[in-house]
>>> print(open('work16.cif').read())   # mmCIF, C-alpha atoms
data_protein
loop_
_atom_site.label_atom_id
_atom_site.label_comp_id
_atom_site.auth_asym_id
_atom_site.auth_seq_id
_atom_site.Cartn_x
_atom_site.Cartn_y
_atom_site.Cartn_z
CA MET A 1 -39.15 -160.75 -132.61
CA HIS A 2 -42.57 -159.85 -131.17
CA VAL A 3 -44.26 -162.38 -133.45
CA LEU A 4 -41.77 -165.09 -132.49
CA LEU A 5 -42.28 -164.30 -128.82
CA SER A 6 -46.04 -164.47 -129.25
CA LEU A 7 -45.79 -167.89 -130.90
CA ALA A 8 -43.50 -169.13 -128.12
CA GLY A 9 -46.67 -169.42 -126.02
CA GLY A 10 -48.15 -172.00 -128.40
CA GLU A 11 -49.85 -172.06 -131.77
CA ARG A 12 -51.97 -169.05 -132.64
CA HIS A 13 -53.95 -167.58 -135.52
CA GLY A 14 -53.27 -164.16 -137.01
CA TYR A 15 -55.67 -162.13 -134.91
CA ALA A 16 -54.50 -163.80 -131.69
CA ILE A 17 -50.91 -162.87 -132.62
CA LEU A 18 -51.94 -159.22 -133.16
CA LYS A 19 -53.64 -159.09 -129.77
CA ASP A 20 -50.76 -160.79 -128.03
CA VAL A 21 -48.18 -158.40 -129.50
CA LEU A 22 -50.36 -155.49 -128.39
CA HIS A 23 -50.44 -156.82 -124.80
CA GLN A 24 -46.76 -157.79 -124.80
CA THR A 25 -45.74 -154.27 -125.74
CA ASN A 26 -48.18 -152.45 -123.48
CA HIS A 27 -50.14 -151.17 -126.51
CA GLN A 28 -47.02 -149.62 -128.06
CA VAL A 29 -46.71 -151.93 -131.07
CA ARG A 30 -49.94 -152.22 -133.01
CA LEU A 31 -49.37 -154.44 -136.04
CA GLY A 32 -51.69 -154.17 -139.02
CA PRO A 33 -52.86 -157.29 -140.87
CA GLY A 34 -50.67 -156.54 -143.91
CA THR A 35 -47.53 -156.12 -141.81
CA LEU A 36 -48.35 -159.22 -139.76
CA TYR A 37 -48.82 -161.50 -142.77
CA GLY A 38 -45.77 -160.05 -144.52
CA THR A 39 -43.77 -160.91 -141.39
CA LEU A 40 -45.29 -164.39 -141.15
CA GLN A 41 -44.49 -164.97 -144.82
CA ARG A 42 -40.81 -164.06 -144.24
CA LEU A 43 -40.61 -166.13 -141.07
CA MET A 44 -42.10 -169.14 -142.85
CA GLU A 45 -39.71 -168.74 -145.76
CA SER A 46 -36.79 -168.67 -143.30
CA GLY A 47 -38.14 -171.81 -141.61
CA LEU A 48 -38.66 -170.09 -138.24
CA VAL A 49 -42.44 -170.47 -138.22
CA GLU A 50 -44.65 -173.21 -139.61
CA GLU A 51 -48.33 -173.59 -140.28
CA THR A 52 -50.33 -176.12 -138.28
CA ASP A 53 -53.77 -177.68 -138.60
CA GLY A 54 -55.04 -175.78 -135.58
CA PRO A 55 -56.77 -177.07 -132.47
CA GLY A 56 -59.20 -179.32 -134.41
CA SER A 57 -62.97 -178.99 -134.44
CA GLU A 58 -63.06 -175.75 -132.44
CA ALA A 59 -61.11 -173.91 -135.12
CA ASP A 60 -62.80 -171.70 -137.69
CA GLU A 61 -62.14 -173.29 -141.08
CA ARG A 62 -61.04 -169.97 -142.54
CA ARG A 63 -58.37 -169.47 -139.93
CA ARG A 64 -54.79 -170.61 -140.29
CA PHE A 65 -52.70 -171.40 -137.27
CA TYR A 66 -48.97 -170.87 -136.89
CA ARG A 67 -46.35 -172.15 -134.46
CA LEU A 68 -42.64 -171.80 -133.85
CA SER A 69 -40.43 -174.36 -135.52
CA ARG A 70 -37.40 -175.80 -133.75
CA ALA A 71 -35.18 -173.33 -135.65
CA GLY A 72 -37.54 -170.49 -134.66
CA ARG A 73 -37.31 -171.40 -130.98
CA GLU A 74 -33.51 -171.48 -131.23
CA ALA A 75 -33.42 -168.14 -133.06
CA LEU A 76 -35.67 -166.59 -130.43
CA LYS A 77 -33.51 -167.97 -127.62
CA ALA A 78 -30.36 -166.61 -129.30
CA GLU A 79 -31.96 -163.17 -129.67
CA VAL A 80 -33.13 -163.13 -126.04
CA ASP A 81 -29.61 -164.16 -124.93
CA ARG A 82 -28.15 -161.33 -127.01
CA LEU A 83 -30.55 -158.77 -125.52
CA ASP A 84 -29.95 -160.13 -122.03
CA ALA A 85 -26.17 -159.72 -122.44
CA LEU A 86 -26.71 -156.19 -123.77
CA ILE A 87 -28.86 -155.25 -120.75
CA ARG A 88 -26.31 -156.70 -118.34
CA ARG A 89 -23.57 -154.66 -120.02
CA ALA A 90 -25.72 -151.52 -119.83
CA ARG A 91 -26.43 -152.10 -116.13
CA GLY A 92 -22.71 -152.64 -115.56
CA ARG A 93 -22.15 -149.13 -116.89
CA GLY A 94 -24.72 -147.63 -114.58
CA ILE A 95 -27.59 -147.39 -117.04
CA VAL A 96 -30.63 -148.56 -115.13
CA PRO A 97 -34.07 -148.77 -116.75
CA ARG A 98 -36.63 -146.33 -115.32
CA ALA A 99 -38.90 -149.16 -114.17
CA SER A 100 -36.13 -150.62 -111.97
CA ARG A 101 -35.28 -147.33 -110.25
CA PRO A 102 -36.35 -147.02 -106.61
CA MET B 1 -75.39 -167.29 -142.60
CA ARG B 2 -72.54 -164.78 -142.96
CA SER B 3 -73.45 -161.16 -142.49
CA PRO B 4 -72.79 -159.02 -145.56
CA ALA B 5 -69.31 -157.43 -145.62
CA SER B 6 -69.07 -153.83 -144.48
CA LEU B 7 -68.19 -151.05 -146.89
CA ASP B 8 -64.79 -150.78 -145.17
CA ALA B 9 -64.13 -154.47 -145.74
CA ARG B 10 -65.14 -154.19 -149.40
CA CYS B 11 -62.86 -151.19 -149.96
CA TYR B 12 -60.03 -152.99 -148.16
CA HIS B 13 -60.65 -156.11 -150.25
CA ALA B 14 -60.50 -154.04 -153.45
CA ALA B 15 -57.27 -152.35 -152.30
CA LEU B 16 -55.72 -155.75 -151.62
CA PHE B 17 -55.74 -156.28 -155.39
CA LEU B 18 -52.82 -153.83 -155.52
CA CYS B 19 -50.65 -156.41 -153.74
CA PRO B 20 -48.63 -158.88 -155.80
CA PRO B 21 -50.80 -161.84 -156.89
CA ALA B 22 -48.77 -164.51 -155.05
CA PHE B 23 -49.09 -162.70 -151.69
CA ARG B 24 -52.78 -162.04 -152.29
CA ARG B 25 -53.55 -165.67 -153.10
CA GLU B 26 -51.66 -166.85 -150.03
CA PHE B 27 -52.97 -164.45 -147.38
CA ALA B 28 -55.82 -162.23 -148.66
CA GLN B 29 -58.63 -164.31 -147.16
CA GLU B 30 -57.04 -164.35 -143.73
CA ILE B 31 -56.02 -160.71 -143.88
CA LEU B 32 -59.67 -159.84 -144.53
CA LEU B 33 -60.77 -161.97 -141.60
CA VAL B 34 -58.33 -160.19 -139.29
CA PHE B 35 -59.41 -156.83 -140.73
CA ASP B 36 -63.06 -157.65 -139.95
CA GLU B 37 -62.29 -158.64 -136.39
CA ALA B 38 -60.10 -155.58 -135.77
CA ARG B 39 -62.83 -153.35 -137.23
CA GLN B 40 -65.49 -154.85 -134.97
CA GLU B 41 -63.27 -154.20 -132.00
CA ALA B 42 -62.51 -150.61 -133.03
CA ARG B 43 -66.23 -149.97 -133.59
CA LEU B 44 -67.15 -151.28 -130.15
CA ALA B 45 -64.33 -149.36 -128.46
CA ALA B 46 -65.27 -145.96 -129.89
CA PRO B 47 -67.97 -145.92 -132.58
CA GLN B 48 -66.93 -142.77 -134.48
CA TYR B 49 -63.44 -141.66 -133.56
CA GLY B 50 -62.24 -145.27 -133.18
CA LEU B 51 -63.38 -146.22 -136.66
CA TRP B 52 -61.67 -143.26 -138.33
CA SER B 53 -58.42 -143.89 -136.52
CA PHE B 54 -58.74 -147.58 -137.42
CA ARG B 55 -59.28 -146.71 -141.12
CA ALA B 56 -56.21 -144.44 -141.12
CA ARG B 57 -54.05 -147.14 -139.52
CA MET B 58 -55.27 -149.78 -141.97
CA ALA B 59 -54.63 -147.49 -144.96
CA VAL B 60 -51.06 -146.78 -143.84
CA ASP B 61 -50.45 -150.46 -143.09
CA LEU B 62 -51.80 -151.59 -146.45
CA ALA B 63 -49.84 -148.95 -148.38
CA GLY B 64 -46.64 -150.08 -146.68
CA THR B 65 -47.48 -153.72 -147.34
CA ILE B 66 -48.10 -153.08 -151.03
CA VAL B 67 -44.74 -151.32 -151.45
CA ARG B 68 -42.81 -153.92 -149.43
CA GLN B 69 -44.42 -156.86 -151.19
CA TRP B 70 -43.75 -155.46 -154.66
CA LEU B 71 -40.14 -154.72 -153.70
CA ARG B 72 -39.81 -158.35 -152.57
CA THR B 73 -40.89 -159.59 -156.00
CA GLY B 74 -37.95 -157.77 -157.61
CA LEU B 75 -40.26 -156.49 -160.37
CA PRO B 76 -39.57 -152.78 -159.67
CA ILE B 77 -36.24 -153.36 -161.44
CA LEU B 78 -38.36 -153.37 -164.60
CA ALA B 79 -39.24 -149.69 -164.06
CA PRO B 80 -35.80 -148.28 -165.07
CA LEU B 81 -35.78 -150.77 -167.95
CA ALA B 82 -39.20 -149.54 -169.02
CA ILE B 83 -37.79 -146.00 -169.14
CA LEU B 84 -34.57 -147.06 -170.87
CA TYR B 85 -36.38 -148.96 -173.62
CA PRO B 86 -38.37 -146.04 -175.12
CA LEU B 87 -35.33 -143.76 -174.75
CA ALA B 88 -33.13 -146.22 -176.65
CA ALA B 89 -35.85 -146.88 -179.23
CA SER B 90 -36.50 -143.18 -179.86
CA SER B 91 -32.81 -142.32 -180.18
CA ALA B 92 -32.35 -145.26 -182.60
CA LEU B 93 -35.31 -144.00 -184.62
CA ALA B 94 -33.89 -140.46 -184.68
CA THR B 95 -30.55 -141.80 -185.94
CA LEU B 96 -32.27 -143.88 -188.60
CA TRP B 97 -34.39 -140.89 -189.60
CA ARG B 98 -31.27 -138.82 -190.31
CA ARG B 99 -29.57 -141.62 -192.30
CA MET B 100 -32.68 -142.78 -194.12
CA PRO B 101 -31.76 -144.08 -197.62
CA PHE B 102 -35.12 -142.97 -199.04
CA HIS B 103 -37.17 -139.78 -199.06
CA MET B 104 -40.35 -139.40 -197.09
CA PRO B 105 -43.41 -139.67 -199.38
CA ARG B 106 -44.75 -136.35 -200.49
CA GLY B 107 -47.98 -137.58 -202.08
CA THR B 108 -51.09 -138.14 -199.95
CA ALA B 109 -51.49 -141.78 -201.08
CA ASP B 110 -47.92 -142.66 -200.05
CA SER B 111 -48.39 -140.96 -196.69
CA ASP B 112 -51.52 -143.02 -196.11
CA VAL B 113 -49.63 -146.24 -196.79
CA LEU B 114 -46.90 -145.18 -194.36
CA MET B 115 -49.47 -144.33 -191.69
CA LEU B 116 -51.15 -147.68 -192.20
CA GLU B 117 -47.81 -149.45 -191.77
CA LEU B 118 -47.08 -147.49 -188.60
CA LEU B 119 -50.55 -148.28 -187.26
CA ALA B 120 -50.08 -151.98 -188.01
CA ALA B 121 -46.70 -151.91 -186.23
CA VAL B 122 -48.26 -150.31 -183.12
CA VAL B 123 -51.12 -152.84 -183.08
CA LEU B 124 -48.65 -155.73 -183.40
CA LEU B 125 -46.58 -154.25 -180.57
CA ILE B 126 -49.64 -154.02 -178.31
CA VAL B 127 -50.66 -157.62 -179.13
CA ALA B 128 -47.12 -158.89 -178.43
CA ALA B 129 -46.93 -156.95 -175.14
CA THR B 130 -50.33 -158.32 -174.05
CA ILE B 131 -49.24 -161.91 -174.78
CA ILE B 132 -45.91 -161.50 -172.97
CA LEU B 133 -47.43 -159.80 -169.88
CA THR B 134 -50.28 -162.32 -169.69
CA LEU B 135 -47.83 -165.22 -169.77
CA TRP B 136 -45.64 -163.48 -167.19
CA PHE B 137 -48.42 -162.82 -164.69
CA THR B 138 -50.10 -166.23 -165.06
CA ARG B 139 -46.86 -168.09 -164.28
CA PRO B 140 -47.75 -168.65 -160.58
CA LEU B 141 -51.13 -170.10 -161.64
CA LEU B 142 -49.50 -172.50 -164.11
CA TYR B 143 -47.03 -173.68 -161.46
CA ARG B 144 -49.79 -174.16 -158.95
CA HIS B 145 -51.80 -176.40 -161.32
CA ARG B 146 -48.70 -178.45 -162.12
CA ARG B 147 -48.01 -179.19 -158.41
#
>>> encode(input="work16.cif", output="structure tokens")
Amino acid sequence: MHVLLSLAGGERHGYAILKDVLHQTNHQVRLGPGTLYGTLQRLMESGLVEETDGPGSEADERRRFYRLSRAGREALKAEVDRLDALIRRARGRGIVPRASRP
Amino acid sequence: MRSPASLDARCYHAALFLCPPAFRREFAQEILLVFDEARQEARLAAPQYGLWSFRARMAVDLAGTIVRQWLRTGLPILAPLAILYPLAASSALATLWRRMPFHMPRGTADSDVLMLELLAAVVLLIVAATIILTLWFTRPLLYRHRR
């Protein structure tokens, strides 16, 4: 989910994904390279992420760039919708996140 | 010119050989690149404490990756088979031993012949196992050349 969300911002290489996930989660999720590439491998096998050629001449030849596929974008949207519905239900039952409390 | 790899990177590179070959071929180079960048950052953030915490995190991450990747290959199913095979073979041998239609040689010369036969059987078994395992583990390479 974090990796998909990171790639929703455009194509990225592995290290950029790691940094983005770290910022997204306020330094709570710190992926290691092994975990990251295992996840990318699974996402590519499921057709949610695809490899790209990268941004051309600026790119380091050793780097590989990844982006969301159409199916990946749809899967991410479905997951966000699911979480959104869950949060609305929770709020409806009086469970308010700490950050939203006055 | 590329700067020589750090000792950490070399150790990490060596440990990556514990991952399944297909995963290693696909991602090892990039994993090492990310490792190098993350190490540089940890070193700049806190030269001593940062590096040790970084090493611990990388070790845990790699250990988890190795286990997960091997589980994904489905090969660990061979482990119970590898235990079952010698158990079955030894019980079959024990049964045969009891029902043997001939007597064990008592003379030294006969014993030597028997030992030689056993030795030859073990050598043949090792050769056969080497051939089978080599063919098994070079399969991805063969497929890759064919593509």
>>> resolve_selection(input="work16.cif", expression="the PyMOL selection byres ((chain B) within 9 of (chain A))", output="list in words")
Phe23, Phe27, Gln29, Glu30, Ile31, Leu32, Leu33, Val34, Phe35, Glu37, Ala38, Arg57, Met58, Val60, Asp61, Leu62, Ala63, Gly64, Thr65, Ile66, Arg68 and Gln69 of chain B
>>> atom_distance(input="work16.cif", atom1="atom CA of A:Ala78", atom2="atom CA of A:Gly9")
16.9 Å
>>> resolve_selection(input="work16.cif", expression="the PyMOL selection byres ((chain A and resi 68) around 8)", output="number ranges by chain")
A: 4, 7-8, 10-11, 48-50, 66-67, 69-73
>>> resolve_selection(input="work16.cif", expression="the PyMOL selection byres ((chain A and resi 52) around 6)", output="ChimeraX atom specification")
/A:51,53-54,65-66
>>> atom_distance(input="work16.cif", atom1="atom CA of A:Met1", atom2="atom CA of A:Leu76")
7.1 Å
>>> residues_around(input="work16.cif", residues="B:Pro21", least_positions_apart="5", cutoff="12 Å", atoms="only C-alpha atoms", output="PyMOL selection string")
chain B and resi 16+26-28+66+69-70+73+136-141
>>> atom_distance(input="work16.cif", atom1="atom CA of A:Lys77", atom2="atom CA of A:Leu5")
9.6 Å
>>> axis_aligned_box(input="work16.cif", around="stretch 69-77 of chain A", padding_each_side="4 Å", output="JSON")
{"center_x": -36.9, "center_y": -171.2, "center_z": -131.6, "size_x": 15.0, "size_y": 17.2, "size_z": 16.0}
